file my_file_34.cif (mmCIF, C-alpha atoms)
data_coords
loop_
_atom_site.label_atom_id
_atom_site.label_comp_id
_atom_site.auth_asym_id
_atom_site.auth_seq_id
_atom_site.Cartn_x
_atom_site.Cartn_y
_atom_site.Cartn_z
CA MET A 1 -4.57 -5.57 -15.75
CA ASP A 2 -1.60 -7.88 -15.66
CA GLY A 3 -1.13 -8.08 -11.88
CA GLY A 4 2.21 -6.31 -12.05
CA PRO A 5 3.49 -4.46 -8.98
CA THR A 6 2.10 -0.93 -8.77
CA PHE A 7 2.87 0.31 -5.26
CA PHE A 8 4.80 -0.54 -2.10
CA GLU A 9 4.15 0.50 1.49
CA LEU A 10 6.49 0.52 4.48
CA GLY A 11 4.90 0.14 7.90
CA VAL A 12 6.97 1.53 10.78
CA GLU A 13 6.47 2.43 14.42
CA ASP A 14 7.59 6.10 14.18
CA VAL A 15 6.80 7.61 10.80
CA GLU A 16 8.89 10.76 11.36
CA ARG A 17 12.02 8.78 12.23
CA ALA A 18 11.46 6.59 9.17
CA ARG A 19 10.95 9.66 6.97
CA VAL A 20 14.37 10.98 8.01
CA PHE A 21 16.07 7.57 7.82
CA PHE A 22 14.83 6.50 4.38
CA GLY A 23 14.97 10.02 2.98
CA GLU A 24 18.65 10.24 3.92
CA LEU A 25 19.46 6.65 2.95
CA PHE A 26 17.91 6.66 -0.51
CA GLY A 27 17.44 10.36 -1.23
CA TRP A 28 13.69 9.81 -1.49
CA THR A 29 11.31 12.74 -1.82
CA LEU A 30 8.55 12.25 0.75
CA SER A 31 5.31 14.24 0.59
CA PRO A 32 2.40 14.26 3.06
CA GLY A 33 0.09 11.30 2.41
CA PRO A 34 -3.69 11.14 2.16
CA SER A 35 -5.52 12.89 4.99
CA GLY A 36 -2.15 14.10 6.32
CA GLU A 37 -1.23 10.63 7.58
CA GLY A 38 2.16 9.23 6.65
CA TYR A 39 3.97 10.06 3.45
CA THR A 40 4.00 9.20 -0.21
CA ILE A 41 7.40 8.16 -1.52
CA GLY A 42 8.53 9.49 -4.86
CA THR A 43 10.92 7.04 -6.51
CA SER A 44 11.97 6.68 -10.10
CA THR A 45 10.67 3.14 -10.47
CA LEU A 46 7.74 2.31 -8.19
CA PRO A 47 5.63 4.72 -6.13
CA GLY A 48 5.36 3.99 -2.44
CA GLY A 49 4.04 5.04 0.93
CA LEU A 50 5.21 5.22 4.52
CA HIS A 51 2.86 4.90 7.51
CA GLY A 52 3.36 4.83 11.26
CA GLY A 53 1.89 2.79 14.09
CA ASP A 54 2.92 -0.54 12.54
CA PRO A 55 6.00 -1.74 14.49
CA GLY A 56 7.82 -4.75 13.09
CA ALA A 57 5.89 -4.74 9.82
CA GLY A 58 7.48 -5.95 6.63
CA PRO A 59 7.09 -4.14 3.33
CA TYR A 60 3.73 -4.51 1.64
CA LEU A 61 3.69 -5.07 -2.14
CA PHE A 62 0.53 -4.21 -4.08
CA PHE A 63 -0.47 -5.72 -7.42
CA ALA A 64 -2.61 -4.07 -10.11
CA VAL A 65 -6.24 -5.08 -10.62
CA ASP A 66 -8.98 -3.57 -12.78
CA ASP A 67 -11.77 -4.09 -10.25
CA ILE A 68 -10.90 -4.27 -6.54
CA ASN A 69 -14.28 -5.77 -5.61
CA ALA A 70 -14.03 -8.59 -8.16
CA ALA A 71 -10.38 -9.22 -7.24
CA THR A 72 -11.08 -9.44 -3.50
CA GLN A 73 -13.92 -11.88 -4.17
CA ARG A 74 -11.53 -13.97 -6.27
CA VAL A 75 -9.03 -13.99 -3.37
CA ARG A 76 -11.77 -15.36 -1.09
CA ASP A 77 -12.89 -17.90 -3.71
CA LEU A 78 -9.33 -19.22 -3.89
CA GLY A 79 -9.12 -19.66 -0.09
CA GLY A 80 -7.36 -16.41 0.76
CA THR A 81 -8.47 -13.66 3.11
CA VAL A 82 -9.04 -9.94 2.75
CA GLU A 83 -8.42 -7.45 5.54
CA GLY A 84 -11.13 -4.95 6.53
CA THR A 85 -11.31 -1.49 5.06
CA ASP A 86 -9.93 0.17 1.96
CA LEU A 87 -6.46 1.41 2.92
CA GLY A 88 -6.62 4.47 0.69
CA GLY A 89 -9.89 5.66 2.16
CA GLU A 90 -13.26 5.82 0.55
CA ASP A 91 -13.60 9.55 -0.12
CA ALA A 92 -13.76 10.46 -3.80
CA GLU A 93 -10.78 12.85 -3.75
CA THR A 94 -8.40 10.28 -2.23
CA VAL A 95 -9.61 7.51 -4.54
CA ALA A 96 -9.20 9.81 -7.55
CA ARG A 97 -5.62 10.62 -6.53
CA PHE A 98 -4.35 7.26 -5.23
CA GLY A 99 -6.87 4.58 -6.22
CA ARG A 100 -8.12 1.82 -3.91
CA PHE A 101 -6.05 -0.62 -1.86
CA LYS A 102 -6.78 -3.84 0.04
CA LEU A 103 -4.46 -5.98 2.14
CA CYS A 104 -4.88 -9.71 1.58
CA ARG A 105 -3.33 -13.07 2.44
CA ASP A 106 -3.10 -16.02 0.11
CA ASP A 107 -4.33 -19.49 1.07
CA GLN A 108 -1.04 -20.07 2.93
CA GLY A 109 -1.11 -16.80 4.87
CA THR A 110 1.36 -14.84 2.75
CA PRO A 111 0.54 -11.11 2.85
CA PHE A 112 0.12 -9.04 -0.32
CA GLY A 113 -1.97 -6.14 -1.49
CA LEU A 114 -4.33 -5.34 -4.33
CA HIS A 115 -4.36 -1.89 -5.95
CA GLU A 116 -6.99 -0.51 -8.29
CA PRO A 117 -5.21 2.56 -9.73
CA PRO A 118 -7.22 5.73 -10.30
#
call {"tool": "encode", "arguments": {"input": "my_file_34.cif", "output": "C-alpha cells"}}
result
Amino acid sequence: MDGGPTFFELGVEDVERARVFFGELFGWTLSPGPSGEGYTIGTSTLPGGLHGGDPGAGPYLFFAVDDINAATQRVRDLGGTVEGTDLGGEDAETVARFGRFKLCRDDQGTPFGLHEPP
C-alpha cells in the first residue's frame, strides 16, 4: 500500500458529549463502534472513529499498510515505538469489519497510526 491516510480517530473525555457536538457541527452520521464502545464516523472523504476516556488527546491519523506486523517491526527498526495492543481488537469479526490498528511514534516522538484495512 502507498501509506495514504485511511482513517482518523478523535479521543475525547466524554464520548456522548462529543457525539452530540461533532454530529451537530459537521452533520456527521455516528454509529456504535466495535464492541459497543465509541462511535464510527461516516464522512464523505475519510472514515473515522470517536472514543471516550482520552481527555486532551489530539486527533490520530492512521496510514495504510499491507501487513501490520511487518510495518510495526519497520517502525521499531527505524527507531520509533509501537504502543501495546491492537486498537481494533483481535476478534475475527471486528478485524473483518474494521481491519487492524496500531498507535506508533516516530523516532522524534510524533504520534501516528498504522491501519491494515480488512
call {"tool": "residues_around", "arguments": {"input": "my_file_34.cif", "residues": "stretch 105-111 of chain A", "least_positions_apart": "4", "cutoff": "8 Å", "atoms": "only C-alpha atoms", "output": "ChimeraX atom specification"}}
result
/A:60,75,78-82
call {"tool": "closest_residue", "arguments": {"input": "my_file_34.cif", "among": "A:Phe26, A:Gly38, A:Pro117, A:Asp2", "to": "A:Val95", "atoms": "all atoms listed in the file"}}
result
A:Pro117
call {"tool": "closest_residue", "arguments": {"input": "my_file_34.cif", "among": "A:Pro32, A:Gly84, A:Gly58, A:Gly23", "to": "A:Phe8", "atoms": "all atoms listed in the file"}}
result
A:Gly58
call {"tool": "atom_distance", "arguments": {"input": "my_file_34.cif", "atom1": "atom CA of A:Phe21", "atom2": "atom CA of A:His51"}}
result
13.5 Å
call {"tool": "closest_residue", "arguments": {"input": "my_file_34.cif", "among": "A:Val15, A:Leu25, A:Leu10, A:Val20", "to": "A:Pro47", "atoms": "all atoms listed in the file"}}
result
A:Leu10
call {"tool": "atom_distance", "arguments": {"input": "my_file_34.cif", "atom1": "atom CA of A:Glu83", "atom2": "atom CA of A:Glu16"}}
result
25.8 Å
call {"tool": "axis_aligned_box", "arguments": {"input": "my_file_34.cif", "around": "stretch 39-55 of chain A", "padding_each_side": "8 Å", "output": "JSON"}}
result
{"center_x": 6.9, "center_y": 4.2, "center_z": 2.0, "size_x": 26.1, "size_y": 27.8, "size_z": 41.0}
call {"tool": "resolve_selection", "arguments": {"input": "my_file_34.cif", "expression": "the PyMOL selection byres ((chain A and resi 66) around 8)", "output": "number ranges by chain"}}
result
A: 1, 64-65, 67-68, 116-117
call {"tool": "closest_residue", "arguments": {"input": "my_file_34.cif", "among": "A:His115, A:Arg19, A:Pro34, A:Gln73", "to": "A:Ala92", "atoms": "only C-alpha atoms"}}
result
A:Pro34
call {"tool": "resolve_selection", "arguments": {"input": "my_file_34.cif", "expression": "the PyMOL selection byres ((chain A and resi 48) around 9)", "output": "compact mmCIF listing (two decimals) with C-alpha atoms, in the frame of the given file"}}
result
# COMPACT_ATOMS: atom_id res chain seq x y z
CA THR A 6 2.10 -0.93 -8.77
CA PHE A 7 2.87 0.31 -5.26
CA PHE A 8 4.80 -0.54 -2.10
CA GLU A 9 4.15 0.50 1.49
CA LEU A 10 6.49 0.52 4.48
CA TYR A 39 3.97 10.06 3.45
CA THR A 40 4.00 9.20 -0.21
CA ILE A 41 7.40 8.16 -1.52
CA GLY A 42 8.53 9.49 -4.86
CA THR A 43 10.92 7.04 -6.51
CA LEU A 46 7.74 2.31 -8.19
CA PRO A 47 5.63 4.72 -6.13
CA GLY A 49 4.04 5.04 0.93
CA LEU A 50 5.21 5.22 4.52
call {"tool": "atom_distance", "arguments": {"input": "my_file_34.cif", "atom1": "atom CA of A:Ala57", "atom2": "atom CA of A:Gly11"}}
result
5.3 Å
call {"tool": "closest_residue", "arguments": {"input": "my_file_34.cif", "among": "A:Glu13, A:Glu37, A:Glu24, A:Asp77", "to": "A:Gly52", "atoms": "only C-alpha atoms"}}
result
A:Glu13
call {"tool": "closest_residue", "arguments": {"input": "my_file_34.cif", "among": "A:Asp54, A:Asn69, A:Ser35, A:Pro59", "to": "A:Arg97", "atoms": "only C-alpha atoms"}}
result
A:Ser35
